[in-house]
Amino acid sequence: MVFLPDEARSLPPPPIANRISAWLGFCGWFAALLDNGFNQRPVLRAGVHRQILFTTVGWFVGYYLAKRTEYMYAKVDRELLEYVRQHPEDFRGAEKRRIGEVFEEFHPVR
Amino acid sequence: MAAALRAEKAWRLAATTPALAFTRSAFVARKRNYDQPNWPGVVLAFGTSAALWAYLFKQHNDDVMEYERRKREKHHKCTDCS
């Protein structure tokens, strides 16, 4: 199983600032804060080099995960649209009906 | 009751000697010394972070170039040099 097949490069790449990277970067930063907490160091002020490293690793992994996520969704969309294209009889849109056909015949009571 | 107390005292005496030379245990904890920064660790952490960011930006630019290239080629192929 390839992580990113070659055809994934035909998709527009996600921006460096993307949701998955941001979340995993935050998770990395929080892991550094937890490490500070468990080792009885000041939580925010200690080990800034560690906080930066963990955040960076999270952001980095998030970028590649974002690329794979985009590829998986694009693949499913392609297969879905191809199926719709090959079976038009199952996907006929509702025909437009005139308003006169929708309502019952009108008998005024005067 | 007295036997349990004696057993507890014996156990406590046996447990307070972590510095025996002929026994090695994985469960000895030392207090870390935070007076000096861990300079090798700091340099490695910052260096690795910088390298990862540089690689990420390079990878992103390569991805953008490759995507643009494939888009141009597909357009070229489909429209047949019109």
# chains A, B, ... in the order shown; residues from 1 in each chain; ligands from 1
>>> interface_residues(of="chain B", to="chain A", cutoff="10 Å", atoms="only C-alpha atoms", output="VMD selection string")
chain B and resid 31 to 32 34 37 to 38 41 to 53 55 to 57 59 to 71 74
>>> select_by_dssp(residues="region 35-94 of chain A", states="alpha helix (DSSP H)", output="number ranges by chain")
A: 35-38, 48-86
>>> closest_residue(among="A:Phe103, A:Val109, A:Gly93, A:Gly62", to="Ala17 (chain A)", atoms="only C-alpha atoms")
A:Gly62
>>> atom_distance(atom1="CA of Ala32 (chain A)", atom2="CA of Trp39 (chain B)")
17.9 Å
>>> decode(residues="region 62-91 of chain A", atoms="N, CA, C and O atoms", output="short mmCIF file (atom, residue, chain, number, x, y, z; two decimals), in the first residue's frame")
data_model
loop_
_atom_site.label_atom_id
_atom_site.label_comp_id
_atom_site.auth_asym_id
_atom_site.auth_seq_id
_atom_site.Cartn_x
_atom_site.Cartn_y
_atom_site.Cartn_z
N GLY A 62 1.05 16.37 9.58
CA GLY A 62 -0.27 16.81 9.16
C GLY A 62 -0.33 17.17 7.69
O GLY A 62 -1.34 16.92 7.02
N TYR A 63 0.74 17.74 7.15
CA TYR A 63 0.75 18.10 5.73
C TYR A 63 0.59 16.86 4.87
O TYR A 63 -0.22 16.82 3.94
N TYR A 64 1.37 15.80 5.19
CA TYR A 64 1.29 14.59 4.37
C TYR A 64 -0.04 13.89 4.56
O TYR A 64 -0.60 13.34 3.61
N LEU A 65 -0.57 13.92 5.77
CA LEU A 65 -1.89 13.33 6.01
C LEU A 65 -2.96 14.10 5.23
O LEU A 65 -3.90 13.51 4.69
N ALA A 66 -2.81 15.44 5.16
CA ALA A 66 -3.78 16.25 4.40
C ALA A 66 -3.74 15.85 2.93
O ALA A 66 -4.78 15.71 2.28
N LYS A 67 -2.53 15.65 2.41
CA LYS A 67 -2.42 15.25 1.00
C LYS A 67 -3.11 13.92 0.78
O LYS A 67 -3.85 13.73 -0.20
N ARG A 68 -2.90 12.97 1.69
CA ARG A 68 -3.52 11.65 1.50
C ARG A 68 -5.04 11.75 1.63
O ARG A 68 -5.77 11.11 0.90
N THR A 69 -5.50 12.58 2.59
CA THR A 69 -6.95 12.76 2.77
C THR A 69 -7.58 13.29 1.49
O THR A 69 -8.60 12.78 1.02
N GLU A 70 -6.96 14.35 0.90
CA GLU A 70 -7.48 14.92 -0.34
C GLU A 70 -7.53 13.85 -1.43
O GLU A 70 -8.51 13.76 -2.19
N TYR A 71 -6.48 13.02 -1.50
CA TYR A 71 -6.42 12.01 -2.54
C TYR A 71 -7.55 10.99 -2.35
O TYR A 71 -8.21 10.60 -3.32
N MET A 72 -7.77 10.55 -1.09
CA MET A 72 -8.82 9.54 -0.85
C MET A 72 -10.19 10.08 -1.25
O MET A 72 -10.98 9.40 -1.89
N TYR A 73 -10.49 11.34 -0.86
CA TYR A 73 -11.78 11.93 -1.21
C TYR A 73 -11.91 12.09 -2.72
O TYR A 73 -12.97 11.83 -3.30
N ALA A 74 -10.82 12.53 -3.38
CA ALA A 74 -10.88 12.72 -4.83
C ALA A 74 -11.12 11.40 -5.53
O ALA A 74 -11.86 11.32 -6.51
N LYS A 75 -10.50 10.33 -5.03
CA LYS A 75 -10.67 9.01 -5.65
C LYS A 75 -12.12 8.55 -5.54
O LYS A 75 -12.72 8.09 -6.52
N VAL A 76 -12.69 8.73 -4.36
CA VAL A 76 -14.09 8.31 -4.17
C VAL A 76 -15.01 9.13 -5.07
O VAL A 76 -15.92 8.60 -5.70
N ASP A 77 -14.74 10.47 -5.14
CA ASP A 77 -15.57 11.33 -6.00
C ASP A 77 -15.47 10.90 -7.45
O ASP A 77 -16.47 10.87 -8.18
N ARG A 78 -14.26 10.57 -7.90
CA ARG A 78 -14.08 10.18 -9.28
C ARG A 78 -14.87 8.91 -9.58
O ARG A 78 -15.57 8.82 -10.59
N GLU A 79 -14.78 7.92 -8.68
CA GLU A 79 -15.51 6.67 -8.91
C GLU A 79 -17.01 6.90 -8.89
O GLU A 79 -17.75 6.34 -9.70
N LEU A 80 -17.48 7.76 -7.97
CA LEU A 80 -18.92 8.04 -7.87
C LEU A 80 -19.41 8.71 -9.15
O LEU A 80 -20.43 8.30 -9.73
N LEU A 81 -18.71 9.76 -9.60
CA LEU A 81 -19.16 10.49 -10.79
C LEU A 81 -19.07 9.62 -12.03
O LEU A 81 -19.89 9.75 -12.95
N GLU A 82 -18.08 8.71 -12.07
CA GLU A 82 -17.97 7.81 -13.21
C GLU A 82 -19.16 6.87 -13.24
O GLU A 82 -19.72 6.59 -14.31
N TYR A 83 -19.58 6.38 -12.05
CA TYR A 83 -20.75 5.50 -12.00
C TYR A 83 -22.00 6.25 -12.45
O TYR A 83 -22.81 5.73 -13.23
N VAL A 84 -22.16 7.49 -11.99
CA VAL A 84 -23.33 8.29 -12.40
C VAL A 84 -23.32 8.50 -13.91
O VAL A 84 -24.35 8.42 -14.57
N ARG A 85 -22.12 8.73 -14.46
CA ARG A 85 -22.02 8.96 -15.90
C ARG A 85 -22.40 7.71 -16.68
O ARG A 85 -23.01 7.79 -17.75
N GLN A 86 -22.06 6.52 -16.13
CA GLN A 86 -22.31 5.29 -16.86
C GLN A 86 -23.73 4.76 -16.66
O GLN A 86 -24.15 3.86 -17.37
N HIS A 87 -24.48 5.29 -15.68
CA HIS A 87 -25.84 4.82 -15.45
C HIS A 87 -26.79 6.01 -15.44
O HIS A 87 -27.40 6.31 -14.42
N PRO A 88 -26.96 6.72 -16.58
CA PRO A 88 -27.80 7.92 -16.57
C PRO A 88 -29.26 7.61 -16.29
O PRO A 88 -29.97 8.46 -15.76
N GLU A 89 -29.71 6.35 -16.62
CA GLU A 89 -31.12 6.04 -16.43
C GLU A 89 -31.50 6.04 -14.96
O GLU A 89 -32.65 6.27 -14.61
N ASP A 90 -30.53 5.80 -14.07
CA ASP A 90 -30.84 5.78 -12.64
C ASP A 90 -30.83 7.16 -12.03
O ASP A 90 -31.24 7.34 -10.89
N PHE A 91 -30.31 8.14 -12.77
CA PHE A 91 -30.11 9.45 -12.16
C PHE A 91 -30.82 10.54 -12.95
O PHE A 91 -30.34 11.66 -13.03
#
